[in-house]
Amino acid sequence: MTLSFAPLTPTIAATVSGIDLTRPLTPEQVRAIDDGMDRYGVLVFHDQHFDDETQLAFSRNFGELEVSSGAEMSKPEEMRLKMEMADISNLDANNRLRAADDRKRLGALGNRLWHSDASFRAVPAKYSLLSARIVPPKGGNTEFADMRAAYDALDEATKAQVENLVTEHSNAFSREIIGFERQDYGAENQDKLRPVRHRLVRYDPHTGRKSLYLSAHIGGIIGWPVPEARAFIRDLMEHATQPEFVYAHAWKPWDLVIWDNRTTMHRARRYNDLTDVRDMRRSTIRGDGVTVEQVQQAA
């Protein structure tokens with residue numbers, strides 16, 4: 001059956017039908033999904049009954065898998081899932097709801113900030129693939145912002161201003177916003193918090209389009225005073241997340257959503273995480289190179 005793409009907004013996201021992603025894909029099907037990602041940035045597939053193994057197998061069609069940053073900073077006894085699977089849930093290793101003061105629960109609140117996955121790595125992420133296993137009865141949506149449309153809508157003076165800017169990204173910067181301090185991660189994880197540099201404007205040779213590369217992980221602009229840089233980035237974030245650039249996904253069980261971290265930002269929305277289970281599992285495709293020449297080696 002031929003894949004069918006139904007746009008969800010004028011600029012971003014489409015629902016895809018006509019395929020069972022839990023079965024092995026043909027090269028033609030993989031190319032069709034890649035082409036859809038180039039066009040829409042976010043693809044929504046309903047009724048995809050993945051387990052962890054079939055999700056990882058499907059994900060490998062698009063490149064090398066990343067080890068999740070949460071797994072890298074966790075002790076083995078704290079982990080519920082495999083290293084390649086990011087645990088986007090409010091459950092502990094024993095599948096119990098996390099308490100209000102649980103450190104991992106509090107850290108996960110950073111997912112409610114607009115961000116691009118793994119922009120804190122020298123080689124940032126390509127695609128993220130999020131499978132909904134259990135969804136709360138209310139809330140917990142995910143919003144996606146189109147960074148290509150946001151770039152296109154900038155005035156010419158701002159486009160010229162941002163063209164060659166280089167930003168610094170770190171997980172520590174985003175968690176700072178919600179009250180964490182760098183030492184909260186422990187001495188053994190300090191090297192993972194080292195800032196990396198990325199271009200503020202990215203160019204996609206497949207589509208010929210430019211996009212803003214924004215994220216809550218940004219803490220500065222090279223050559224700018226920090227207060228001025230952060231104020232400027234905030235202005236760009238407000239511009240890029242206007243309603244006309246955003247698609248809000250209301251999850252159903254067994255939805256699979258793929259998004260391109262190079263051309264979109266996203267954020268999770270609130271739900272009652274102390275009483276309602278939200279079990280989402282994310283696999284992430286490693287990018288294909290650095291965005292700017294930098295001293296740091298790829299993480």
# chains A, B, ... in the order shown; residues from 1 in each chain; ligands from 1
call {"tool": "select_by_dssp", "arguments": {"residues": "range 180-299 of chain A", "states": "strand (DSSP E)", "output": "count of residues only"}}
result
38
call {"tool": "select_by_dssp", "arguments": {"residues": "range 7-68 of chain A", "states": "helix (DSSP H, G or I)", "output": "list in words"}}
result
Pro27, Glu28, Gln29, Val30, Arg31, Ala32, Ile33, Asp34, Asp35, Gly36, Met37, Asp38, Arg39, Tyr40, Asp52, Glu53, Thr54, Gln55, Leu56, Ala57, Phe58, Ser59, Arg60, Asn61 and Phe62 of chain A
call {"tool": "closest_residue", "arguments": {"among": "A:Arg98, A:Ala153, A:Asn90, A:Arg197", "to": "Leu165 in chain A", "atoms": "only C-alpha atoms"}}
result
A:Arg197
call {"tool": "closest_atom_pairs", "arguments": {"of": "range 108-139 of chain A", "to": "range 242-260 of chain A", "cutoff": "12 Å", "atoms": "only C-alpha atoms", "output": "Markdown table"}}
result
| residue | atom | partner | partner_atom | distance |
| --- | --- | --- | --- | --- |
| A:Trp114 | CA | A:Val246 | CA | 11.4 |
| A:His115 | CA | A:Asp260 | CA | 12.0 |
| A:Ser116 | CA | A:Asp260 | CA | 8.9 |
| A:Asp117 | CA | A:Asp260 | CA | 9.4 |
| A:Ala118 | CA | A:Asp260 | CA | 11.7 |
| A:Pro124 | CA | A:Asp260 | CA | 11.0 |
| A:Ala125 | CA | A:Asp260 | CA | 8.3 |
| A:Lys126 | CA | A:Asp260 | CA | 5.9 |
| A:Tyr127 | CA | A:Asp260 | CA | 4.6 |
| A:Ser128 | CA | A:Trp259 | CA | 5.5 |
| A:Leu129 | CA | A:Ile258 | CA | 4.5 |
| A:Leu130 | CA | A:Val257 | CA | 5.4 |
| A:Ser131 | CA | A:Leu256 | CA | 4.5 |
| A:Ala132 | CA | A:Trp254 | CA | 5.0 |
| A:Arg133 | CA | A:Pro253 | CA | 5.6 |
| A:Ile134 | CA | A:Pro253 | CA | 5.8 |
| A:Val135 | CA | A:Pro253 | CA | 6.1 |
| A:Pro136 | CA | A:Trp251 | CA | 8.8 |
| A:Pro137 | CA | A:Lys252 | CA | 9.7 |
| A:Lys138 | CA | A:Ala250 | CA | 9.4 |
| A:Gly139 | CA | A:Ala250 | CA | 8.0 |
call {"tool": "residues_around", "arguments": {"residues": "Arg112 in chain A", "least_positions_apart": "6", "cutoff": "8 Å", "atoms": "only C-alpha atoms", "output": "number ranges by chain"}}
result
A: 267-270
call {"tool": "write_last_selection", "arguments": {"atoms": "C-alpha atoms", "output": "PDB file, in the first residue's frame"}}
result
ATOM      1  CA  ARG A 267       7.979  20.869  24.351  1.00  0.00           C
ATOM      2  CA  ALA A 268       5.777  18.679  26.561  1.00  0.00           C
ATOM      3  CA  ARG A 269       2.693  20.154  28.181  1.00  0.00           C
ATOM      4  CA  ARG A 270       1.493  19.778  31.763  1.00  0.00           C
TER       5      ARG A 270
END
call {"tool": "closest_residue", "arguments": {"among": "A:Met147, A:Thr291, A:Ala99, A:Pro195", "to": "Leu274 in chain A", "atoms": "only C-alpha atoms"}}
result
A:Ala99
call {"tool": "residues_around", "arguments": {"residues": "Leu109 in chain A", "least_positions_apart": "2", "cutoff": "12 Å", "atoms": "only C-alpha atoms", "output": "list in words"}}
result
Ile88, Ser89, Asn90, Ala100, Asp101, Asp102, Arg103, Lys104, Arg105, Leu106, Gly107, Asn111, Arg112, Leu113, Trp114, Gly140, Ser174, Arg175, Glu176, Ile177, Ile178, Gly179, Phe180, Arg267, Ala268, Arg269, Arg270, Tyr271 and Asp273 of chain A
call {"tool": "closest_residue", "arguments": {"among": "A:Leu97, A:Leu236, A:Ile19, A:Val277", "to": "Val44 in chain A", "atoms": "only C-alpha atoms"}}
result
A:Ile19
call {"tool": "residues_around", "arguments": {"residues": "Arg199 in chain A", "least_positions_apart": "3", "cutoff": "10 Å", "atoms": "only C-alpha atoms", "output": "list in words"}}
result
Val162, Glu163, Asn164, Leu165, Val166, Thr167, Glu168, Arg202, Tyr203, Leu212, Tyr213, Leu214, Ile221, Val290, Thr291, Val292 and Glu293 of chain A
call {"tool": "atom_distance", "arguments": {"atom1": "CA of Thr263 in chain A", "atom2": "CA of Arg209 in chain A"}}
result
9.6 Å
call {"tool": "atom_distance", "arguments": {"atom1": "CA of Ile218 in chain A", "atom2": "CA of Glu238 in chain A"}}
result
14.2 Å
call {"tool": "closest_residue", "arguments": {"among": "A:Asp52, A:Asp20, A:Glu66, A:Asp146", "to": "Lys210 in chain A", "atoms": "only C-alpha atoms"}}
result
A:Asp146
call {"tool": "atom_distance", "arguments": {"atom1": "CA of Ser59 in chain A", "atom2": "CA of Val30 in chain A"}}
result
10.3 Å
call {"tool": "closest_residue", "arguments": {"among": "A:Asp152, A:Ala157, A:Pro205, A:His217", "to": "Ala240 in chain A", "atoms": "only C-alpha atoms"}}
result
A:Asp152
